[in-house]
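Engineer: A single structure is presented below for examination.
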Amino acid sequence: MALTVKAVADLAGISIRALHHYDQIGLLKPAGQSASGYRLYSQQDLERLQQILFFRELGFGLKQIREIIDSPDFDRRKALLAHRAALQQRRERIDRLIHTIDRTLESIEKEDAPMTREEMKQLFDGFDPSEYEDEARQRWGGGREFAESMERTRKYTRADWEKIKAEAGEIYGNIANLMDRDPGDEAVQEWVGRWHEHINKWYYSCSLEVFRGLGEMYVQDERFTKNIDKTRPGLARFLRDAMQIYCDRREGR
(Lines give C-alpha, C1' and ligand atoms only; values in the text may rest on other atoms or scores of the structure.)
Protein backbone atom coordinates (compact mmCIF):
# COMPACT_ATOMS: atom_id res chain seq x y z
CA MET A 1 0.00 0.00 0.00
CA ALA A 2 1.28 3.44 -0.93
CA LEU A 3 -0.66 6.65 -0.30
CA THR A 4 0.05 10.17 -1.52
CA VAL A 5 0.38 13.06 0.90
CA LYS A 6 -3.09 14.30 -0.05
CA ALA A 7 -4.62 10.89 0.57
CA VAL A 8 -2.96 10.68 3.98
CA ALA A 9 -4.06 14.21 4.87
CA ASP A 10 -7.66 13.39 3.97
CA LEU A 11 -7.52 10.08 5.82
CA ALA A 12 -6.04 11.49 9.03
CA GLY A 13 -7.84 14.82 8.97
CA ILE A 14 -4.67 16.95 9.09
CA SER A 15 -3.21 19.44 6.65
CA ILE A 16 -0.75 18.70 3.87
CA ARG A 17 1.43 21.45 5.31
CA ALA A 18 1.63 19.57 8.63
CA LEU A 19 2.75 16.39 6.84
CA HIS A 20 5.40 18.35 4.94
CA HIS A 21 6.61 19.83 8.23
CA TYR A 22 6.77 16.40 9.89
CA ASP A 23 8.90 15.22 6.96
CA GLN A 24 11.23 18.21 7.17
CA ILE A 25 11.94 17.75 10.88
CA GLY A 26 12.39 13.98 10.56
CA LEU A 27 9.30 13.12 12.59
CA LEU A 28 7.47 11.32 9.78
CA LYS A 29 9.41 10.62 6.63
CA PRO A 30 7.43 8.83 3.88
CA ALA A 31 8.63 5.38 2.90
CA GLY A 32 9.22 6.35 -0.71
CA GLN A 33 8.55 8.56 -3.69
CA SER A 34 6.70 8.12 -6.95
CA ALA A 35 8.47 8.39 -10.30
CA SER A 36 7.33 12.00 -10.50
CA GLY A 37 8.72 12.80 -7.03
CA TYR A 38 5.55 12.70 -4.93
CA ARG A 39 5.75 11.47 -1.33
CA LEU A 40 4.34 7.97 -0.80
CA TYR A 41 3.34 6.69 2.64
CA SER A 42 3.23 3.05 3.74
CA GLN A 43 1.05 1.33 6.35
CA GLN A 44 3.91 1.63 8.83
CA ASP A 45 4.00 5.37 8.17
CA LEU A 46 0.29 5.59 8.97
CA GLU A 47 0.82 3.70 12.23
CA ARG A 48 3.58 6.14 13.17
CA LEU A 49 1.33 9.08 12.25
CA GLN A 50 -1.36 7.71 14.54
CA GLN A 51 1.11 7.71 17.42
CA ILE A 52 2.16 11.26 16.61
CA LEU A 53 -1.43 12.46 16.64
CA PHE A 54 -2.16 10.68 19.92
CA PHE A 55 0.83 12.32 21.58
CA ARG A 56 -0.15 15.70 20.12
CA GLU A 57 -3.65 15.27 21.52
CA LEU A 58 -2.12 14.73 24.95
CA GLY A 59 -0.09 17.93 24.69
CA PHE A 60 3.39 16.67 23.82
CA GLY A 61 5.71 18.80 21.68
CA LEU A 62 6.98 17.53 18.34
CA LYS A 63 10.56 17.21 19.61
CA GLN A 64 9.40 15.13 22.58
CA ILE A 65 7.28 12.92 20.34
CA ARG A 66 10.19 12.17 18.01
CA GLU A 67 12.44 11.28 20.95
CA ILE A 68 9.80 8.95 22.41
CA ILE A 69 8.87 7.18 19.18
CA ASP A 70 12.48 6.80 18.05
CA SER A 71 13.58 5.40 21.40
CA PRO A 72 14.90 1.82 21.10
CA ASP A 73 12.56 0.62 23.86
CA PHE A 74 9.41 2.22 22.40
CA ASP A 75 6.53 -0.29 22.46
CA ARG A 76 3.54 0.62 20.28
CA ARG A 77 1.08 -1.59 22.20
CA LYS A 78 2.12 -0.15 25.57
CA ALA A 79 1.89 3.34 24.12
CA LEU A 80 -1.65 2.71 22.90
CA LEU A 81 -2.69 1.41 26.31
CA ALA A 82 -1.19 4.51 27.91
CA HIS A 83 -3.02 6.73 25.41
CA ARG A 84 -6.28 4.97 26.20
CA ALA A 85 -5.84 5.46 29.95
CA ALA A 86 -4.98 9.14 29.50
CA LEU A 87 -7.96 9.77 27.23
CA GLN A 88 -10.27 7.92 29.62
CA GLN A 89 -9.03 10.20 32.41
CA ARG A 90 -9.62 13.24 30.19
CA ARG A 91 -13.15 12.06 29.38
CA GLU A 92 -13.93 11.70 33.08
CA ARG A 93 -12.58 15.19 33.69
CA ILE A 94 -14.71 16.61 30.86
CA ASP A 95 -17.77 14.92 32.36
CA ARG A 96 -16.99 16.62 35.65
CA LEU A 97 -16.58 19.96 33.90
CA ILE A 98 -19.96 19.57 32.22
CA HIS A 99 -21.51 18.76 35.59
CA THR A 100 -19.83 21.84 37.06
CA ILE A 101 -21.24 24.01 34.27
CA ASP A 102 -24.73 22.62 34.91
CA ARG A 103 -24.48 23.45 38.62
CA THR A 104 -23.21 26.94 37.82
CA LEU A 105 -26.09 27.57 35.41
CA GLU A 106 -28.55 26.47 38.06
CA SER A 107 -27.18 28.99 40.53
CA ILE A 108 -26.60 31.89 38.15
CA GLU A 109 -29.62 33.77 39.45
CA LYS A 110 -27.73 34.11 42.76
CA GLU A 111 -24.64 35.51 41.05
CA ASP A 112 -24.24 38.53 43.33
CA ALA A 113 -24.51 36.55 46.56
CA PRO A 114 -21.31 35.60 48.44
CA MET A 115 -20.45 31.91 48.12
CA THR A 116 -19.93 29.37 50.87
CA ARG A 117 -16.66 27.39 50.94
CA GLU A 118 -18.53 24.31 49.74
CA GLU A 119 -20.00 26.23 46.80
CA MET A 120 -16.54 27.52 45.90
CA LYS A 121 -15.22 23.97 45.91
CA GLN A 122 -18.09 22.83 43.66
CA LEU A 123 -17.47 25.70 41.27
CA PHE A 124 -13.89 24.57 40.72
CA ASP A 125 -14.60 20.84 40.68
CA GLY A 126 -12.70 19.18 37.85
CA PHE A 127 -10.95 22.37 36.85
CA ASP A 128 -8.42 23.96 39.16
CA PRO A 129 -6.13 22.56 41.89
CA SER A 130 -7.54 24.84 44.58
CA GLU A 131 -8.85 22.21 46.98
CA TYR A 132 -5.79 22.34 49.25
CA GLU A 133 -4.82 26.01 48.93
CA ASP A 134 -5.78 26.75 52.53
CA GLU A 135 -3.39 24.07 53.74
CA ALA A 136 -0.63 25.44 51.50
CA ARG A 137 -1.03 28.93 52.89
CA GLN A 138 -0.95 27.68 56.47
CA ARG A 139 2.14 25.58 55.83
CA TRP A 140 4.15 27.99 53.69
CA GLY A 141 2.56 31.39 54.08
CA GLY A 142 2.09 31.74 57.82
CA GLY A 143 -0.77 33.36 59.64
CA ARG A 144 -0.76 36.76 57.92
CA GLU A 145 -1.17 35.40 54.39
CA PHE A 146 -3.80 32.90 55.48
CA ALA A 147 -5.83 35.51 57.32
CA GLU A 148 -5.57 37.95 54.42
CA SER A 149 -6.75 35.31 51.98
CA MET A 150 -9.74 34.38 54.12
CA GLU A 151 -10.69 38.04 54.48
CA ARG A 152 -10.57 38.59 50.70
CA THR A 153 -12.17 35.40 49.44
CA ARG A 154 -15.14 35.37 51.81
CA LYS A 155 -16.44 38.48 50.01
CA TYR A 156 -16.17 37.05 46.49
CA THR A 157 -19.33 36.36 44.50
CA ARG A 158 -19.87 33.65 41.90
CA ALA A 159 -18.96 36.17 39.22
CA ASP A 160 -15.64 36.83 40.97
CA TRP A 161 -14.87 33.14 41.21
CA GLU A 162 -15.68 32.66 37.53
CA LYS A 163 -13.08 35.33 36.71
CA ILE A 164 -10.54 33.67 38.99
CA LYS A 165 -11.20 30.28 37.39
CA ALA A 166 -10.83 31.63 33.86
CA GLU A 167 -7.63 33.49 34.67
CA ALA A 168 -6.06 30.51 36.45
CA GLY A 169 -7.02 28.21 33.58
CA GLU A 170 -5.40 30.53 31.05
CA ILE A 171 -2.15 30.69 33.03
CA TYR A 172 -1.94 26.93 33.67
CA GLY A 173 -2.81 26.15 30.06
CA ASN A 174 -0.14 28.44 28.65
CA ILE A 175 2.55 27.12 30.97
CA ALA A 176 1.56 23.55 30.06
CA ASN A 177 1.88 24.39 26.37
CA LEU A 178 5.46 25.56 26.97
CA MET A 179 6.68 22.44 28.75
CA ASP A 180 8.89 21.47 25.82
CA ARG A 181 11.02 24.51 26.67
CA ASP A 182 13.45 25.14 29.53
CA PRO A 183 11.71 26.35 32.75
CA GLY A 184 13.90 29.45 32.57
CA ASP A 185 12.70 30.34 29.07
CA GLU A 186 11.46 33.94 28.84
CA ALA A 187 7.96 32.94 27.71
CA VAL A 188 7.66 30.44 30.59
CA GLN A 189 8.88 33.00 33.09
CA GLU A 190 6.40 35.57 31.81
CA TRP A 191 3.51 33.23 32.60
CA VAL A 192 5.00 32.30 35.98
CA GLY A 193 5.04 36.03 36.69
CA ARG A 194 1.36 36.10 35.76
CA TRP A 195 0.75 33.27 38.25
CA HIS A 196 2.52 35.27 40.97
CA GLU A 197 0.38 38.30 40.09
CA HIS A 198 -2.74 36.13 40.14
CA ILE A 199 -2.07 35.06 43.73
CA ASN A 200 -1.31 38.64 44.78
CA LYS A 201 -4.41 39.96 43.04
CA TRP A 202 -6.96 37.44 44.28
CA TYR A 203 -5.65 35.86 47.48
CA TYR A 204 -2.89 37.52 49.50
CA SER A 205 0.35 39.51 49.29
CA CYS A 206 2.66 36.72 48.18
CA SER A 207 6.34 37.28 48.98
CA LEU A 208 9.01 35.49 46.96
CA GLU A 209 9.68 33.26 49.96
CA VAL A 210 6.05 32.20 50.12
CA PHE A 211 5.86 31.77 46.33
CA ARG A 212 8.94 29.55 46.43
CA GLY A 213 7.45 27.45 49.21
CA LEU A 214 4.17 27.13 47.35
CA GLY A 215 6.06 25.71 44.37
CA GLU A 216 7.68 23.11 46.63
CA MET A 217 4.26 22.12 47.90
CA TYR A 218 3.19 21.37 44.33
CA VAL A 219 5.63 18.43 44.21
CA GLN A 220 5.93 17.46 47.88
CA ASP A 221 2.22 16.90 48.39
CA GLU A 222 0.87 14.22 46.04
CA ARG A 223 -2.62 15.76 46.23
CA PHE A 224 -1.31 18.98 44.72
CA THR A 225 0.70 17.08 42.13
CA LYS A 226 -2.29 14.99 41.09
CA ASN A 227 -4.55 18.03 40.71
CA ILE A 228 -2.05 20.18 38.81
CA ASP A 229 -1.01 17.33 36.53
CA LYS A 230 -4.62 17.03 35.34
CA THR A 231 -3.82 19.96 33.04
CA ARG A 232 -0.81 18.07 31.66
CA PRO A 233 1.30 15.25 33.12
CA GLY A 234 4.48 16.63 34.68
CA LEU A 235 3.15 20.19 34.98
CA ALA A 236 3.51 20.32 38.77
CA ARG A 237 7.25 19.63 38.68
CA PHE A 238 7.81 21.89 35.68
CA LEU A 239 5.89 24.71 37.39
CA ARG A 240 7.87 24.22 40.61
CA ASP A 241 11.17 24.46 38.72
CA ALA A 242 10.01 27.55 36.84
CA MET A 243 8.86 29.20 40.09
CA GLN A 244 12.26 28.56 41.70
CA ILE A 245 14.03 30.22 38.77
CA TYR A 246 11.57 33.11 38.92
CA CYS A 247 12.33 33.67 42.61
CA ASP A 248 16.10 33.26 42.16
CA ARG A 249 16.20 35.92 39.45
CA ARG A 250 14.25 38.42 41.48
CA GLU A 251 16.39 37.78 44.53
CA GLY A 252 19.51 38.36 42.43
CA ARG A 253 20.93 34.88 42.81
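To be explicit about the labels: the chains of the C-alpha coordinates are called A, B, and onward in the order shown, and within each one the residues are counted from 1, while ligands get numbers from 1 in the order they are shown.
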Enumerate as a list of chain:residue names all residues of region 6-48 of chain A assigned to strand (DSSP E) by DSSP on the backbone, naming them with the chain letters and numbers the document uses.
Structural biologist: A:Gly32, A:Gln33, A:Arg39, A:Leu40, A:Tyr41
Engineer: Give me the residues within 8 Å of region 66-74 of chain A as a ChimeraX atom specification, counting only C-alpha atoms and dropping any in the same chain fewer than 5 places off.
Structural biologist: /A:26-27,51,79
Engineer: Write the selection just made, keeping N, CA and C atoms, as a short mmCIF file (atom, residue, chain, number, x, y, z; two decimals), in the first residue's frame?
Structural biologist:
data_model
loop_
_atom_site.label_atom_id
_atom_site.label_comp_id
_atom_site.auth_asym_id
_atom_site.auth_seq_id
_atom_site.Cartn_x
_atom_site.Cartn_y
_atom_site.Cartn_z
N GLY A 26 12.03 15.37 10.32
CA GLY A 26 12.39 13.98 10.56
C GLY A 26 11.45 13.22 11.47
N LEU A 27 10.27 13.79 11.72
CA LEU A 27 9.30 13.12 12.59
C LEU A 27 8.54 12.03 11.84
N GLN A 51 0.44 7.46 16.15
CA GLN A 51 1.11 7.71 17.42
C GLN A 51 1.40 9.20 17.60
N ALA A 79 2.22 1.93 24.35
CA ALA A 79 1.89 3.34 24.12
C ALA A 79 0.40 3.52 23.91
#
Engineer: Taking the DSSP secondary structure from the backbone, can you list the residues of region 3-252 of chain A that are alpha helix (DSSP H), as a PyMOL selection string?
Structural biologist: chain A and resi 5-12+16-24+43-57+62-69+76-106+117-123+133-136+142-153+158-177+186-202+208-220+222-228+235-250
Engineer: Nearest residue to Leu87 (chain A) out of A:Leu28, A:Gly59, A:Tyr172, A:Ala18, using only C-alpha atoms?
Structural biologist: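 Among the listed residues, A:Gly59 lies closest to Leu87 (chain A).
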Engineer: Tell me, in Å to one decimal, how far CA of Trp191 (chain A) is from CA of Arg93 (chain A).
Structural biologist: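 Taking CA of Trp191 (chain A) and CA of Arg93 (chain A), their separation equals 24.2 Å.
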Engineer: Using only C-alpha atoms, can you tell me which of A:Met217, A:Ala159, A:Met243, A:Leu178 comes closest to Arg194 (chain A)?
Structural biologist: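 Nearest to Arg194 (chain A): A:Met243.
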Engineer: Fewer than 2 positions away in the same chain doesn't count, so skip those; otherwise give me all residues within 12 Å of Gln189 (chain A), counting only C-alpha atoms, as a CSV table (one decimal) with N, CA, C and O atoms, in the first residue's frame.
Structural biologist:
chain,number,residue,atom,x,y,z
A,171,ILE,N,-3.6,30.7,32.6
A,171,ILE,CA,-2.2,30.7,33.0
A,171,ILE,C,-1.6,29.2,33.0
A,171,ILE,O,-0.6,29.0,32.4
A,174,ASN,N,-1.3,27.9,29.4
A,174,ASN,CA,-0.1,28.4,28.6
A,174,ASN,C,1.2,27.9,29.1
A,174,ASN,O,2.1,27.6,28.3
A,175,ILE,N,1.3,27.7,30.4
A,175,ILE,CA,2.6,27.1,31.0
A,175,ILE,C,2.7,25.7,30.5
A,175,ILE,O,3.7,25.2,30.1
A,178,LEU,N,4.1,25.2,27.1
A,178,LEU,CA,5.5,25.6,27.0
A,178,LEU,C,6.4,24.6,27.6
A,178,LEU,O,7.6,24.8,27.8
A,179,MET,N,5.9,23.4,28.0
A,179,MET,CA,6.7,22.4,28.8
A,179,MET,C,7.8,21.8,27.9
A,179,MET,O,8.7,21.1,28.5
A,181,ARG,N,9.9,23.5,26.5
A,181,ARG,CA,11.0,24.5,26.7
A,181,ARG,C,11.7,24.4,28.0
A,181,ARG,O,11.2,23.7,28.9
A,182,ASP,N,12.8,25.1,28.2
A,182,ASP,CA,13.4,25.1,29.5
A,182,ASP,C,12.6,26.0,30.5
A,182,ASP,O,12.0,27.0,30.1
A,183,PRO,N,12.5,25.6,31.8
A,183,PRO,CA,11.7,26.3,32.7
A,183,PRO,C,12.1,27.8,32.9
A,183,PRO,O,11.3,28.7,33.3
A,184,GLY,N,13.4,28.1,32.5
A,184,GLY,CA,13.9,29.5,32.6
A,184,GLY,C,13.6,30.3,31.3
A,184,GLY,O,14.0,31.4,31.2
A,185,ASP,N,13.0,29.6,30.3
A,185,ASP,CA,12.7,30.3,29.1
A,185,ASP,C,11.9,31.6,29.4
A,185,ASP,O,11.0,31.6,30.3
A,186,GLU,N,12.1,32.7,28.6
A,186,GLU,CA,11.5,33.9,28.8
A,186,GLU,C,9.9,33.8,28.8
A,186,GLU,O,9.2,34.4,29.6
A,187,ALA,N,9.4,33.1,27.8
A,187,ALA,CA,8.0,32.9,27.7
A,187,ALA,C,7.4,32.2,28.9
A,187,ALA,O,6.3,32.6,29.4
A,191,TRP,N,4.8,33.8,32.1
A,191,TRP,CA,3.5,33.2,32.6
A,191,TRP,C,3.6,32.9,34.1
A,191,TRP,O,2.6,33.0,34.8
A,192,VAL,N,4.8,32.5,34.5
A,192,VAL,CA,5.0,32.3,36.0
A,192,VAL,C,4.8,33.6,36.7
A,192,VAL,O,4.2,33.7,37.8
A,193,GLY,N,5.3,34.7,36.1
A,193,GLY,CA,5.0,36.0,36.7
A,193,GLY,C,3.6,36.3,36.8
A,193,GLY,O,3.1,36.9,37.8
A,194,ARG,N,2.8,35.9,35.7
A,194,ARG,CA,1.4,36.1,35.8
A,194,ARG,C,0.7,35.3,36.9
A,194,ARG,O,-0.2,35.7,37.5
A,195,TRP,N,1.3,34.1,37.2
A,195,TRP,CA,0.8,33.3,38.3
A,195,TRP,C,1.0,34.0,39.6
A,195,TRP,O,0.1,34.0,40.5
A,196,HIS,N,2.2,34.5,39.8
A,196,HIS,CA,2.5,35.3,41.0
A,196,HIS,C,1.6,36.5,41.1
A,196,HIS,O,1.0,36.7,42.2
A,238,PHE,N,7.3,20.8,36.6
A,238,PHE,CA,7.8,21.9,35.7
A,238,PHE,C,7.5,23.3,36.3
A,238,PHE,O,8.4,24.2,36.3
A,239,LEU,N,6.3,23.4,36.8
A,239,LEU,CA,5.9,24.7,37.4
A,239,LEU,C,6.7,25.0,38.6
A,239,LEU,O,7.2,26.2,38.8
A,240,ARG,N,7.0,24.0,39.4
A,240,ARG,CA,7.9,24.2,40.6
A,240,ARG,C,9.2,24.7,40.2
A,240,ARG,O,9.8,25.7,40.7
A,241,ASP,N,9.8,24.1,39.2
A,241,ASP,CA,11.2,24.5,38.7
A,241,ASP,C,11.2,25.9,38.2
A,241,ASP,O,12.1,26.7,38.4
A,242,ALA,N,10.1,26.2,37.4
A,242,ALA,CA,10.0,27.6,36.8
A,242,ALA,C,9.8,28.6,37.9
A,242,ALA,O,10.4,29.7,37.8
A,243,MET,N,9.1,28.3,39.0
A,243,MET,CA,8.9,29.2,40.1
A,243,MET,C,10.2,29.4,40.9
A,243,MET,O,10.4,30.6,41.3
A,244,GLN,N,11.0,28.4,41.0
A,244,GLN,CA,12.3,28.6,41.7
A,244,GLN,C,13.2,29.5,40.9
A,244,GLN,O,13.8,30.4,41.5
A,245,ILE,N,13.2,29.3,39.6
A,245,ILE,CA,14.0,30.2,38.8
A,245,ILE,C,13.5,31.6,38.8
A,245,ILE,O,14.3,32.6,39.0
A,246,TYR,N,12.2,31.8,38.8
A,246,TYR,CA,11.6,33.1,38.9
A,246,TYR,C,12.0,33.8,40.2
A,246,TYR,O,12.4,35.0,40.2
A,247,CYS,N,11.9,33.1,41.3
A,247,CYS,CA,12.3,33.7,42.6
A,247,CYS,C,13.8,34.0,42.7
A,247,CYS,O,14.2,35.0,43.2
A,248,ASP,N,14.6,33.0,42.2
A,248,ASP,CA,16.1,33.3,42.2
A,248,ASP,C,16.5,34.5,41.4
A,248,ASP,O,17.3,35.3,41.9
A,249,ARG,N,15.9,34.7,40.3
A,249,ARG,CA,16.2,35.9,39.5
A,249,ARG,C,15.8,37.2,40.1
A,249,ARG,O,16.5,38.2,40.1
A,250,ARG,N,14.7,37.2,40.8
A,250,ARG,CA,14.2,38.4,41.5
A,250,ARG,C,15.0,38.7,42.8
A,250,ARG,O,15.0,39.8,43.3
Engineer: Between A:Leu80, A:Arg152, A:Leu49, A:Glu167, which is the closest to Ser205 (chain A) once you count only C-alpha atoms?
Structural biologist: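 Looking at the shortest contact to Ser205 (chain A), the residue is A:Arg152.
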Engineer: What is the distance between CA of Ile16 (chain A) and CA of Ala35 (chain A), in Å to one decimal?
Structural biologist: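 So the two atoms, CA of Ile16 (chain A) and CA of Ala35 (chain A), lie 19.8 Å apart.
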Engineer: As an exercise, work out the distance from CA of Ala12 (chain A) to CA of Ile94 (chain A) in Å and give it to one decimal place.
Structural biologist: 24.0 Å
Engineer: With distances taken over only C-alpha atoms, which residue among A:Lys155, A:Lys63, A:His20, A:His198 lies nearest Asp180 (chain A)?
Structural biologist: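 Result for the nearest residue to Asp180 (chain A): A:Lys63.
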Engineer: A:Ser36, A:Glu216, A:Gln24, A:Ile14: which is nearest Gln50 (chain A), counting only C-alpha atoms?
Structural biologist: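 The answer is A:Ile14, which sits nearest to Gln50 (chain A).
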Engineer: Find the spatial neighbours of Arg90 (chain A), counting only C-alpha atoms, within a cut-off of 9 Å - ignore same-chain residues fewer than 5 positions away - and output them as a PyMOL selection string.
Structural biologist: chain A and resi 85+95+230
Engineer: Which residue is closest to Glu151 (chain A)? Choose from A:Trp202, A:Ala176, A:Gly61, A:Ile228 and count only C-alpha atoms.
Structural biologist: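 Looking at the shortest contact to Glu151 (chain A), the residue is A:Trp202.
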